[in-house]
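Containing mmCIF, C-alpha atoms: target-v5.cif.
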data_upload
loop_
_atom_site.label_atom_id
_atom_site.label_comp_id
_atom_site.auth_asym_id
_atom_site.auth_seq_id
_atom_site.Cartn_x
_atom_site.Cartn_y
_atom_site.Cartn_z
CA MET A 1 25.67 -14.12 61.16
CA MET A 2 23.86 -10.78 60.72
CA GLN A 3 26.40 -9.72 58.07
CA ILE A 4 25.76 -12.90 56.03
CA LEU A 5 22.00 -12.37 56.27
CA GLU A 6 22.31 -8.75 55.07
CA SER A 7 24.55 -9.81 52.15
CA ILE A 8 22.08 -12.53 51.16
CA VAL A 9 19.19 -10.01 51.29
CA SER A 10 21.06 -7.54 49.07
CA ILE A 11 21.97 -10.26 46.53
CA LEU A 12 18.38 -11.54 46.49
CA LEU A 13 17.15 -7.97 45.96
CA ILE A 14 19.42 -7.42 42.94
CA VAL A 15 18.63 -10.83 41.40
CA SER A 16 14.87 -10.48 41.85
CA ILE A 17 14.80 -6.96 40.37
CA PHE A 18 16.92 -8.13 37.46
CA LEU A 19 14.60 -11.08 36.81
CA ILE A 20 11.47 -8.94 37.03
CA TYR A 21 12.59 -6.04 34.85
CA TYR A 22 14.87 -7.85 32.45
CA SER A 23 12.92 -11.06 32.07
CA PRO A 24 13.47 -12.81 28.73
CA ASN A 25 9.67 -12.91 28.23
CA GLU A 26 9.71 -9.22 27.42
CA LYS A 27 11.74 -9.20 24.24
CA LEU A 28 12.89 -5.97 22.66
CA PRO A 29 11.36 -5.47 19.22
CA GLU A 30 13.43 -6.61 16.28
CA PHE A 31 14.43 -3.87 13.84
CA ASP A 32 16.61 -5.68 11.31
CA THR A 33 13.81 -7.02 9.13
CA ILE A 34 11.89 -3.74 9.00
CA ASN A 35 15.10 -1.92 8.06
CA TRP A 36 15.78 -4.47 5.29
CA ARG A 37 12.24 -4.03 3.99
CA LEU A 38 12.56 -0.24 3.93
CA ARG A 39 15.90 -0.53 2.17
CA GLY A 40 14.57 -3.10 -0.30
CA ALA A 41 11.50 -0.99 -1.11
CA SER A 42 13.70 2.09 -1.73
CA VAL A 43 16.06 0.15 -3.97
CA LEU A 44 13.24 -1.28 -6.11
CA LYS A 45 11.61 2.15 -6.38
CA SER A 46 14.84 3.83 -7.44
CA LEU A 47 15.53 1.11 -10.02
CA ASP A 48 12.04 1.70 -11.41
CA ASP A 49 12.51 5.48 -11.39
CA ASN A 50 15.72 4.98 -13.40
CA GLY A 51 13.63 3.16 -15.99
CA GLU A 52 15.54 -0.11 -15.51
CA LEU A 53 13.33 -2.35 -13.37
CA ARG A 54 10.25 -2.34 -15.62
CA SER A 55 12.09 -3.46 -18.73
CA TYR A 56 14.03 -6.22 -16.89
CA VAL A 57 10.85 -7.49 -15.24
CA LEU A 58 8.86 -7.58 -18.45
CA ALA A 59 11.77 -9.43 -20.10
CA ASN A 60 11.83 -11.87 -17.12
CA ASP A 61 15.50 -10.97 -16.65
CA VAL A 62 16.00 -11.89 -12.98
CA THR A 63 19.78 -12.19 -13.37
CA THR A 64 20.25 -8.54 -14.31
CA ILE A 65 17.92 -7.39 -11.53
CA LYS A 66 19.95 -9.41 -9.01
CA SER A 67 23.23 -8.01 -10.27
CA LYS A 68 21.85 -4.45 -10.05
CA LEU A 69 20.75 -5.12 -6.47
CA SER A 70 24.11 -6.59 -5.47
CA SER A 71 25.78 -3.21 -5.80
CA ILE A 72 23.12 -1.43 -3.73
CA LEU A 73 22.05 -3.81 -0.96
CA PRO A 74 24.30 -4.39 2.10
CA VAL A 75 27.00 -7.01 1.45
CA ASN A 76 26.06 -9.19 4.44
CA LEU A 77 22.41 -9.38 3.39
CA ASN A 78 21.27 -12.46 1.45
CA TYR A 79 18.54 -11.89 -1.08
CA ASP A 80 16.61 -13.44 -3.91
CA VAL A 81 14.24 -12.01 -6.49
CA VAL A 82 11.08 -13.72 -7.70
CA LEU A 83 8.97 -12.38 -10.56
CA CYS A 84 5.39 -13.57 -10.69
CA ASP A 85 1.84 -12.84 -11.73
CA ARG A 86 -0.97 -13.28 -9.21
CA THR A 87 0.55 -16.06 -7.15
CA CYS A 88 4.19 -16.47 -6.24
CA SER A 89 6.23 -19.48 -5.27
CA LYS A 90 8.55 -19.00 -2.30
CA PRO A 91 12.21 -19.79 -2.94
CA ALA A 92 13.86 -22.39 -0.70
CA MET A 93 15.87 -20.76 2.06
CA SER A 94 16.45 -21.35 5.73
CA SER A 95 16.94 -18.53 8.17
CA GLU A 96 15.45 -17.42 11.44
CA LYS A 97 15.24 -13.88 10.12
CA ILE A 98 13.59 -13.62 6.73
CA THR A 99 11.46 -10.92 5.18
CA SER A 100 10.23 -9.71 1.80
CA VAL A 101 8.95 -6.66 -0.04
CA VAL A 102 6.58 -6.65 -2.98
CA TYR A 103 6.74 -4.11 -5.80
CA LEU A 104 3.88 -4.05 -8.29
CA LEU A 105 4.17 -3.19 -11.95
CA ALA A 106 1.27 -2.48 -14.32
CA GLY A 107 3.26 -3.19 -17.48
CA ASP A 108 4.65 -0.79 -20.02
CA PHE A 109 3.87 0.65 -23.43
CA GLY A 110 3.58 -2.29 -25.79
CA ASN A 111 3.51 -4.88 -23.00
CA ILE A 112 0.50 -4.52 -20.70
CA THR A 113 1.18 -7.24 -18.14
CA SER A 114 0.61 -7.11 -14.38
CA LYS A 115 3.66 -8.31 -12.50
CA GLN A 116 4.88 -8.47 -8.94
CA VAL A 117 8.53 -8.30 -8.01
CA VAL A 118 9.16 -10.03 -4.69
CA LEU A 119 12.49 -9.28 -3.05
CA TYR A 120 13.26 -11.82 -0.30
CA MET A 121 15.93 -10.80 2.22
CA TRP A 122 17.43 -12.85 5.03
CA GLY A 123 20.34 -12.78 7.41
CA SER A 124 23.11 -15.32 7.80
CA ASN A 125 22.45 -17.96 10.47
CA MET Q 1 29.04 0.67 59.72
CA ARG Q 2 29.23 -3.09 59.42
CA LYS Q 3 30.20 -4.99 56.22
CA GLY Q 4 26.69 -6.45 55.83
CA GLN Q 5 25.07 -3.01 56.00
CA ILE Q 6 27.47 -1.79 53.26
CA PHE Q 7 26.36 -4.77 51.09
CA LEU Q 8 22.72 -3.85 51.71
CA ILE Q 9 23.28 -0.17 50.77
CA LEU Q 10 25.23 -1.21 47.66
CA GLY Q 11 22.41 -3.61 46.77
CA ILE Q 12 19.83 -0.82 47.01
CA ILE Q 13 22.00 1.47 44.84
CA ILE Q 14 22.42 -1.25 42.18
CA VAL Q 15 18.68 -1.99 42.22
CA THR Q 16 17.92 1.73 41.76
CA LEU Q 17 20.34 1.86 38.82
CA LEU Q 18 18.78 -1.25 37.24
CA ILE Q 19 15.26 0.18 37.54
CA SER Q 20 16.24 3.60 36.15
CA LEU Q 21 18.07 1.94 33.23
CA ARG Q 22 14.99 -0.15 32.43
CA VAL Q 23 12.68 2.87 32.62
CA SER Q 24 14.98 4.84 30.31
CA LEU Q 25 14.75 2.03 27.71
CA ASN Q 26 11.08 3.00 27.31
CA LEU Q 27 9.75 -0.04 25.53
CA THR Q 28 6.57 1.75 24.50
CA LYS Q 29 8.54 4.36 22.59
CA ILE Q 30 10.57 1.65 20.84
CA MET Q 31 7.37 -0.16 19.84
CA GLU Q 32 5.93 3.12 18.56
CA THR Q 33 9.05 3.74 16.46
CA LYS Q 34 8.73 0.27 14.93
CA ARG Q 35 5.04 0.78 14.23
CA TYR Q 36 5.82 4.14 12.64
CA MET Q 37 8.39 2.47 10.36
CA GLU Q 38 5.90 -0.25 9.40
CA VAL Q 39 3.21 2.31 8.60
CA GLY Q 40 5.79 4.17 6.50
CA LEU Q 41 6.42 1.00 4.55
CA GLU Q 42 2.68 0.55 3.97
CA ARG Q 43 2.52 4.15 2.75
CA ARG Q 44 5.18 3.27 0.17
CA GLU Q 45 3.19 0.19 -0.90
CA PHE Q 46 0.09 2.36 -1.25
CA GLN Q 47 2.01 4.90 -3.32
CA ASN Q 48 3.28 2.07 -5.54
CA ILE Q 49 -0.33 0.93 -6.11
CA LYS Q 50 -1.49 4.47 -6.94
CA ASP Q 51 1.41 5.10 -9.34
CA GLU Q 52 0.85 1.81 -11.13
CA ILE Q 53 -2.91 2.26 -11.53
CA LEU Q 54 -2.19 5.63 -13.16
CA LYS Q 55 0.54 4.02 -15.27
CA ARG Q 56 -1.91 1.30 -16.40
CA ILE Q 57 -4.39 3.96 -17.55
CA GLU Q 58 -1.63 5.93 -19.29
CA ILE Q 59 -0.40 2.90 -21.25
CA SER Q 60 -3.92 1.60 -21.98
CA ILE Q 61 -4.91 4.89 -23.59
CA GLN Q 62 -2.46 4.12 -26.40
CA THR Q 63 -4.07 0.76 -27.16
CA GLY Q 64 -7.71 1.35 -26.13
CA ASN Q 65 -10.04 -0.62 -23.85
CA VAL Q 66 -8.83 1.43 -20.86
CA THR Q 67 -11.59 0.44 -18.45
CA ASN Q 68 -11.13 -3.32 -18.89
CA LYS Q 69 -7.36 -3.01 -18.54
CA THR Q 70 -7.71 -0.87 -15.41
CA ASP Q 71 -10.21 -3.37 -14.03
CA GLU Q 72 -7.75 -6.22 -14.65
CA PHE Q 73 -4.95 -4.41 -12.78
CA VAL Q 74 -7.15 -3.39 -9.82
CA SER Q 75 -8.28 -7.01 -9.53
CA PHE Q 76 -4.59 -8.09 -9.59
CA VAL Q 77 -3.74 -5.60 -6.81
CA ARG Q 78 -6.67 -6.84 -4.73
CA ASP Q 79 -5.43 -10.47 -5.02
CA VAL Q 80 -1.79 -9.60 -4.23
CA MET Q 81 -2.77 -7.56 -1.18
CA GLU Q 82 -5.14 -10.28 -0.01
CA ALA Q 83 -2.21 -12.73 -0.02
CA LYS Q 84 -0.37 -10.25 2.21
CA THR Q 85 -3.40 -10.19 4.58
CA MET Q 86 -4.23 -6.64 3.57
CA ASP Q 87 -7.47 -5.35 2.09
CA PHE Q 88 -7.34 -3.21 -1.00
CA ASN Q 89 -10.69 -1.57 -1.61
CA CYS Q 90 -11.57 1.06 -4.14
CA LEU Q 91 -14.25 2.81 -6.11
CA LEU Q 92 -13.23 3.71 -9.62
CA VAL Q 93 -15.33 5.84 -11.96
CA GLN Q 94 -14.26 6.43 -15.54
CA THR Q 95 -15.87 8.74 -18.07
CA VAL Q 96 -14.82 8.79 -21.70
CA HIS Q 97 -16.05 10.71 -24.71
CA PRO Q 98 -14.92 10.86 -28.36
CA VAL Q 99 -13.68 14.03 -30.08
CA VAL Q 100 -16.21 16.80 -29.39
CA SER Q 101 -17.54 18.86 -32.30
CA SER Q 102 -19.22 22.17 -31.53
CA GLY Q 103 -23.03 21.93 -31.53
CA THR Q 104 -23.09 18.15 -32.10
CA ASP Q 105 -24.47 15.46 -29.81
CA THR Q 106 -21.62 13.59 -28.13
CA ARG Q 107 -21.89 10.45 -26.03
CA LEU Q 108 -20.23 10.24 -22.62
CA ASN Q 109 -19.65 6.65 -21.48
CA VAL Q 110 -19.45 6.13 -17.74
CA THR Q 111 -18.20 3.01 -15.94
CA VAL Q 112 -18.25 2.46 -12.20
CA LEU Q 113 -15.99 -0.32 -10.89
CA ASN Q 114 -16.97 -1.53 -7.45
CA TYR Q 115 -14.01 -2.86 -5.45
CA LEU Q 116 -15.34 -1.58 -2.15
CA GLY Q 117 -15.50 -5.04 -0.61
CA SER Q 118 -19.32 -5.17 -0.47
CA THR Q 119 -22.26 -4.98 -2.81
CA ILE Q 120 -23.42 -1.47 -3.70
CA GLN Q 121 -27.13 -1.65 -2.96
CA THR Q 122 -28.10 1.50 -4.87
CA LEU Q 123 -26.02 3.43 -7.36
CA ASN Q 124 -27.28 6.60 -8.96
CA LEU Q 125 -25.49 8.58 -11.65
CA SER Q 126 -26.51 12.05 -12.70
CA PHE Q 127 -24.87 14.31 -15.25
CA SER Q 128 -24.95 18.11 -14.94
CA TYR Q 129 -25.77 18.63 -18.67
CA ASP Q 130 -29.21 17.12 -18.14
CA LEU Q 131 -30.11 16.39 -14.53
CA ASN Q 132 -33.30 14.56 -15.61
CA ALA Q 133 -31.23 11.92 -17.39
CA ASN Q 134 -30.00 10.23 -14.22
CA GLN Q 135 -29.52 6.46 -14.13
CA THR Q 136 -29.98 4.09 -11.22
CA PHE Q 137 -28.54 0.60 -10.65
CA SER Q 138 -29.18 -1.83 -7.86
CA SER Q 139 -27.00 -4.61 -6.40
CA VAL Q 140 -23.64 -3.92 -8.02
CA ALA Q 141 -21.55 -6.76 -6.60
CA ASP Q 142 -18.01 -6.42 -5.27
CA ARG Q 143 -15.65 -6.68 -8.29
CA GLY Q 144 -18.68 -5.83 -10.42
CA ARG Q 145 -19.31 -2.86 -12.67
CA ALA Q 146 -22.07 -0.60 -13.90
CA ASP Q 147 -22.02 1.00 -17.35
CA ALA Q 148 -24.07 4.02 -18.33
CA ASN Q 149 -24.03 6.70 -20.99
CA PHE Q 150 -25.17 10.28 -21.27
CA THR Q 151 -25.35 12.71 -24.18
CA PHE Q 152 -24.24 16.32 -24.25
CA ASN Q 153 -24.14 19.06 -26.84
CA THR Q 154 -21.95 22.11 -26.34
CA GLY Q 155 -20.56 24.98 -28.35
CA SER Q 156 -17.67 25.75 -26.02
CA ASN Q 157 -15.28 24.13 -23.55
CA THR Q 158 -17.23 23.16 -20.44
CA ASP Q 159 -16.58 21.44 -17.12
CA TYR Q 160 -19.49 19.06 -16.53
CA THR Q 161 -20.12 17.33 -13.23
CA LEU Q 162 -20.96 13.69 -12.83
CA THR Q 163 -22.58 13.02 -9.46
CA VAL Q 164 -22.24 9.49 -8.14
CA TYR Q 165 -24.48 8.54 -5.25
CA TYR Q 166 -24.12 5.09 -3.73
CA SER Q 167 -25.23 3.20 -0.68
CA ILE Q 168 -23.42 0.34 1.01
CA GLY Q 169 -24.95 -1.09 4.16
CA SER Q 170 -26.11 1.85 6.21
CA GLU Q 171 -23.67 4.24 4.52
CA ASN Q 172 -24.75 6.68 1.80
CA LYS Q 173 -22.08 8.55 -0.13
CA THR Q 174 -21.98 11.11 -2.88
CA GLU Q 175 -19.00 11.93 -5.08
CA SER Q 176 -18.92 14.85 -7.50
CA ILE Q 177 -16.56 14.30 -10.39
CA THR Q 178 -15.55 17.05 -12.78
CA ALA Q 179 -15.44 15.88 -16.40
CA PRO Q 180 -13.87 18.62 -18.53
CA VAL Q 181 -14.99 18.79 -22.15
CA GLU Q 182 -12.90 20.56 -24.80
CA ILE Q 183 -13.96 21.20 -28.37
CA GLY Q 184 -11.87 19.14 -30.78
CA LYS Q 185 -10.62 16.74 -28.12
CA SER Q 186 -11.44 13.30 -26.78
CA LYS Q 187 -10.95 12.87 -23.03
CA LEU Q 188 -10.97 10.29 -20.30
CA THR Q 189 -11.54 11.22 -16.66
CA SER Q 190 -10.86 8.76 -13.85
CA PHE Q 191 -11.98 9.18 -10.28
CA PHE Q 192 -10.35 7.04 -7.61
CA ASP Q 193 -11.20 6.40 -3.99
CA LEU Q 194 -8.43 4.02 -2.92
CA ARG Q 195 -7.99 2.34 0.47
CA LEU Q 196 -5.36 -0.02 1.77
CA ILE Q 197 -6.32 -1.54 5.09
CA SER Q 198 -4.04 -3.56 7.36
CA SER Q 199 -3.91 -4.45 11.04
CA ARG Q 200 -1.85 -1.26 11.54
CA GLY Q 201 -4.37 1.12 9.98
CA GLU Q 202 -5.71 2.50 6.74
CA GLN Q 203 -4.12 4.42 3.87
CA ARG Q 204 -6.65 6.32 1.79
CA ASP Q 205 -6.62 8.71 -1.12
CA LYS Q 206 -9.36 10.21 -3.23
CA PHE Q 207 -8.50 12.00 -6.46
CA ASN Q 208 -9.36 12.33 -10.12
CA LYS Q 209 -7.31 12.74 -13.24
CA THR Q 210 -8.19 13.69 -16.80
CA TYR Q 211 -6.30 12.44 -19.85
CA ALA Q 212 -6.47 13.61 -23.44
CA ILE Q 213 -6.95 10.65 -25.77
CA PRO Q 214 -4.77 10.88 -28.89
#

Translate this structure into structure tokens?
Amino acid sequence: MMQILESIVSILLIVSIFLIYYSPNEKLPEFDTINWRLRGASVLKSLDDNGELRSYVLANDVTTIKSKLSSILPVNLNYDVVLCDRTCSKPAMSSEKITSVVYLLAGDFGNITSKQVVLYMWGSN
Amino acid sequence: MRKGQIFLILGIIIVTLLISLRVSLNLTKIMETKRYMEVGLERREFQNIKDEILKRIEISIQTGNVTNKTDEFVSFVRDVMEAKTMDFNCLLVQTVHPVVSSGTDTRLNVTVLNYLGSTIQTLNLSFSYDLNANQTFSSVADRGRADANFTFNTGSNTDYTLTVYYSIGSENKTESITAPVEIGKSKLTSFFDLRLISSRGEQRDKFNKTYAIP
């Protein structure tokens, strides 16, 4: 009888500690989206530094921007590019994890237009 | 030792292991790392804004009307950042003068763009060439501007100083901006005090840049 009681006490001890310290209420922070954003921001910056992004944006050439990104961004990452002025429409997508980065452009010689490049990134459900 | 006591001792050992594992996870440090990464991303956004404001000035110099085109871009940045629940505030001062001829009166146009997020109650501009010729403005609204002009006459290259004093709320600030003048050249000097404010903190930079106008 004593042995059963001691076993029950030890099991209760383990379970209660597990529930207290590993409770689902205390979620670990999520790093995927911030990593995607950092990656996306670097990719847009390097495309601009190469002198490619600005000309594609001012020509409203989303297709070429997307194809350039496809070779740089991780294969398992879904993405979409939206070019807009002051206000942007959000593309239709469904995912629990979705994020975006904005890159601003002040125009170029011969085409002084303010533009924002919004790179949406999301994971597969 | 009985079986039950062994269970109890094992239970205590497992509990100790669970607690030490949880402590080693150090949630605070993980949160700090994430915050650090987010601040890093905001720093990149701020750098993007700075680079593009300078780019806008650079490309506007070719076509003229630099101040209006800079104003349009700063207003655009403010709106985009507002949509991202961030505040972009700035004070922008631009001075521009035509080609300077030795010993001839030359006009220096000064524009102050107020994007500080509040009305500037008092704005005073003074120019080192003639300190008596200072100009005062009151109630310069947010997104508003103040235009002034001064005259100088020089026989050699000189670095003049434009002193901008302004008060917002209970704060009084003074900025001294160097406006270099070179015989035979037309120049534009821009002073920037840029701030990007989010729930994570503030990015700020204050600098000025002079451009030769072709």

Original post:
Which residues fall under the PyMOL selection byres ((chain Q and resi 76) around 12) in this file, as a VMD selection string?
Top reply: (chain A and resid 84 to 87 104 to 106 113 to 116) or (chain Q and resid 49 52 to 53 56 69 to 75 77 to 83 88 to 89 115 143)

**OP:** Could you tell me how far atom CA of Ala92 of chain A lies from atom CA of Trp122 of chain A, in Å and to one decimal?
**Re:**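 For atom CA of Ala92 of chain A relative to atom CA of Trp122 of chain A, the distance reads 11.7 Å.
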
**OP:** Give me, as number ranges by chain, the contact residues of chain Q against chain A at a cut-off of 6 Å, counting only C-alpha atoms.
**Re:** Q: 4, 7-8, 11, 15, 52, 56, 59

Just write the chosen residues, C-alpha atoms, as a compact mmCIF listing (two decimals), in the coordinates of the input.
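Output file selection-v5.txt is given in full below:
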# COMPACT_ATOMS: atom_id res chain seq x y z
CA GLY Q 4 26.69 -6.45 55.83
CA PHE Q 7 26.36 -4.77 51.09
CA LEU Q 8 22.72 -3.85 51.71
CA GLY Q 11 22.41 -3.61 46.77
CA VAL Q 15 18.68 -1.99 42.22
CA GLU Q 52 0.85 1.81 -11.13
CA ARG Q 56 -1.91 1.30 -16.40
CA ILE Q 59 -0.40 2.90 -21.25

Subject >> Residues within 12 Å of Tyr56 of chain A, all atoms listed in the file, excluding chain neighbours under 5 positions, as a PyMOL selection string >> reply: chain A and resi 44+47-48+50-51+61-68+81+83+105+107-108+115+117

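This file gives the following result for the PyMOL selection byres ((chain A and resi 76-80) around 10): Trp36, Gly40, Val62, Ile65, Lys66, Leu69, Ser70, Leu73, Pro74, Val75, Val81, Val82, Lys90, Pro91, Ala92, Met93, Ile98, Thr99, Ser100, Val118, Leu119, Tyr120, Met121, Trp122, Gly123 and Ser124 of chain A.
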
**OP:** Can you work out which one of Q:Asn134, Q:Ile177, Q:Ser102, Q:Ser190 has the shortest atom-to-atom distance to Ser156 of chain Q, counting all atoms listed in the file?
**Re:**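 Ranking Q:Asn134, Q:Ile177, Q:Ser102, Q:Ser190 by distance to Ser156 of chain Q, first place goes to Q:Ser102.
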
**OP:** Identify, on the basis of all atoms listed in the file, every residue whose closest approach to Asp159 of chain Q does not exceed 7 Å; exclude the query and any residue fewer than 3 positions from it along the same chain; express the result as a PyMOL selection string.
**Re:** chain Q and resi 178-181

4 Å per side around segment 71-82 of chain Q: axis-aligned box centre and edge lengths, as AutoDock Vina command-line options:
--center_x -6.0 --center_y -6.9 --center_z -7.3 --size_x 16.4 --size_y 15.1 --size_z 22.6

Original post:
Near Gly184 of chain Q, counting only C-alpha atoms, which residues have an atom at most 7 Å away, once you skip same-chain residues fewer than 2 positions from it, shown as a list in words?
Top reply: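 The contact residues come out as Val99, Val100, Ser101 and Glu182 of chain Q.
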
Original post:
How many Å lie between atom CA of Gln121 of chain Q and atom CA of Gly144 of chain Q, rounded to one decimal?
Top reply: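 The value is 12.0 Å.
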
Original post:
How many Å lie between atom CA of Thr33 of chain Q and atom CA of Leu196 of chain Q, rounded to one decimal?
Top reply: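 Distance reported for this atom pair: 20.9 Å.
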
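With the shown file loaded, the PyMOL selection byres ((chain Q and resi 198) around 8) picks out Thr85, Met86, Asp87, Leu196, Ile197, Ser199, Arg200, Gly201 and Glu202 of chain Q.
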
Original post:
Excluding same-chain residues fewer than 2 positions from Cys90 of chain Q, what lies within 8 Å of it counting only C-alpha atoms, as a PyMOL selection string?
Top reply: chain Q and resi 88+92+114-116+192-195

Subject >> Near-segment 138-141 of chain Q list (10 Å; all atoms listed in the file; drop same-chain fewer than 2 positions) as a list in words >> reply: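 Answer for this query is Val112, Leu113, Asn114, Tyr115, Leu116, Gly117, Ser118, Thr119, Ile120, Gln121, Thr122, Leu123, Asn124, Thr136, Arg143, Gly144, Arg145, Ala146, Tyr166, Ser167 and Ile168 of chain Q.
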
Just segment 41-85 of chain Q, please, as a short mmCIF file (atom, residue, chain, number, x, y, z; two decimals), in the first residue's frame (only C-alpha atoms).
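Just written: decode_12.cif:
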data_model
loop_
_atom_site.label_atom_id
_atom_site.label_comp_id
_atom_site.auth_asym_id
_atom_site.auth_seq_id
_atom_site.Cartn_x
_atom_site.Cartn_y
_atom_site.Cartn_z
CA LEU Q 41 15.16 45.04 -39.33
CA GLU Q 42 13.89 48.49 -38.34
CA ARG Q 43 17.45 49.80 -38.69
CA ARG Q 44 17.46 48.49 -42.27
CA GLU Q 45 14.10 50.18 -42.95
CA PHE Q 46 15.50 53.43 -41.56
CA GLN Q 47 18.60 53.12 -43.73
CA ASN Q 48 16.35 52.53 -46.76
CA ILE Q 49 14.45 55.75 -45.95
CA LYS Q 50 17.68 57.75 -45.54
CA ASP Q 51 19.19 56.40 -48.78
CA GLU Q 52 16.03 57.14 -50.74
CA ILE Q 53 15.62 60.69 -49.42
CA LEU Q 54 19.19 61.37 -50.55
CA LYS Q 55 18.47 59.66 -53.87
CA ARG Q 56 15.37 61.85 -54.35
CA ILE Q 57 17.46 64.99 -53.83
CA GLU Q 58 20.16 63.71 -56.17
CA ILE Q 59 17.70 63.00 -58.99
CA SER Q 60 15.68 66.18 -58.40
CA ILE Q 61 18.77 68.34 -58.79
CA GLN Q 62 18.85 67.33 -62.47
CA THR Q 63 15.29 68.52 -63.09
CA GLY Q 64 14.91 71.33 -60.53
CA ASN Q 65 12.25 72.00 -57.89
CA VAL Q 66 14.26 69.95 -55.36
CA THR Q 67 12.43 71.11 -52.24
CA ASN Q 68 8.94 70.25 -53.52
CA LYS Q 69 10.10 66.85 -54.74
CA THR Q 70 11.81 66.11 -51.42
CA ASP Q 71 8.68 67.25 -49.60
CA GLU Q 72 6.55 64.88 -51.71
CA PHE Q 73 8.80 61.90 -50.90
CA VAL Q 74 9.00 62.66 -47.16
CA SER Q 75 5.21 62.89 -47.09
CA PHE Q 76 5.04 59.51 -48.91
CA VAL Q 77 7.40 57.93 -46.34
CA ARG Q 78 5.32 59.35 -43.48
CA ASP Q 79 2.12 57.77 -44.93
CA VAL Q 80 3.75 54.38 -45.61
CA MET Q 81 5.22 54.21 -42.12
CA GLU Q 82 1.92 55.28 -40.57
CA ALA Q 83 0.25 52.31 -42.28
CA LYS Q 84 2.88 50.11 -40.61
CA THR Q 85 2.01 51.70 -37.22
#
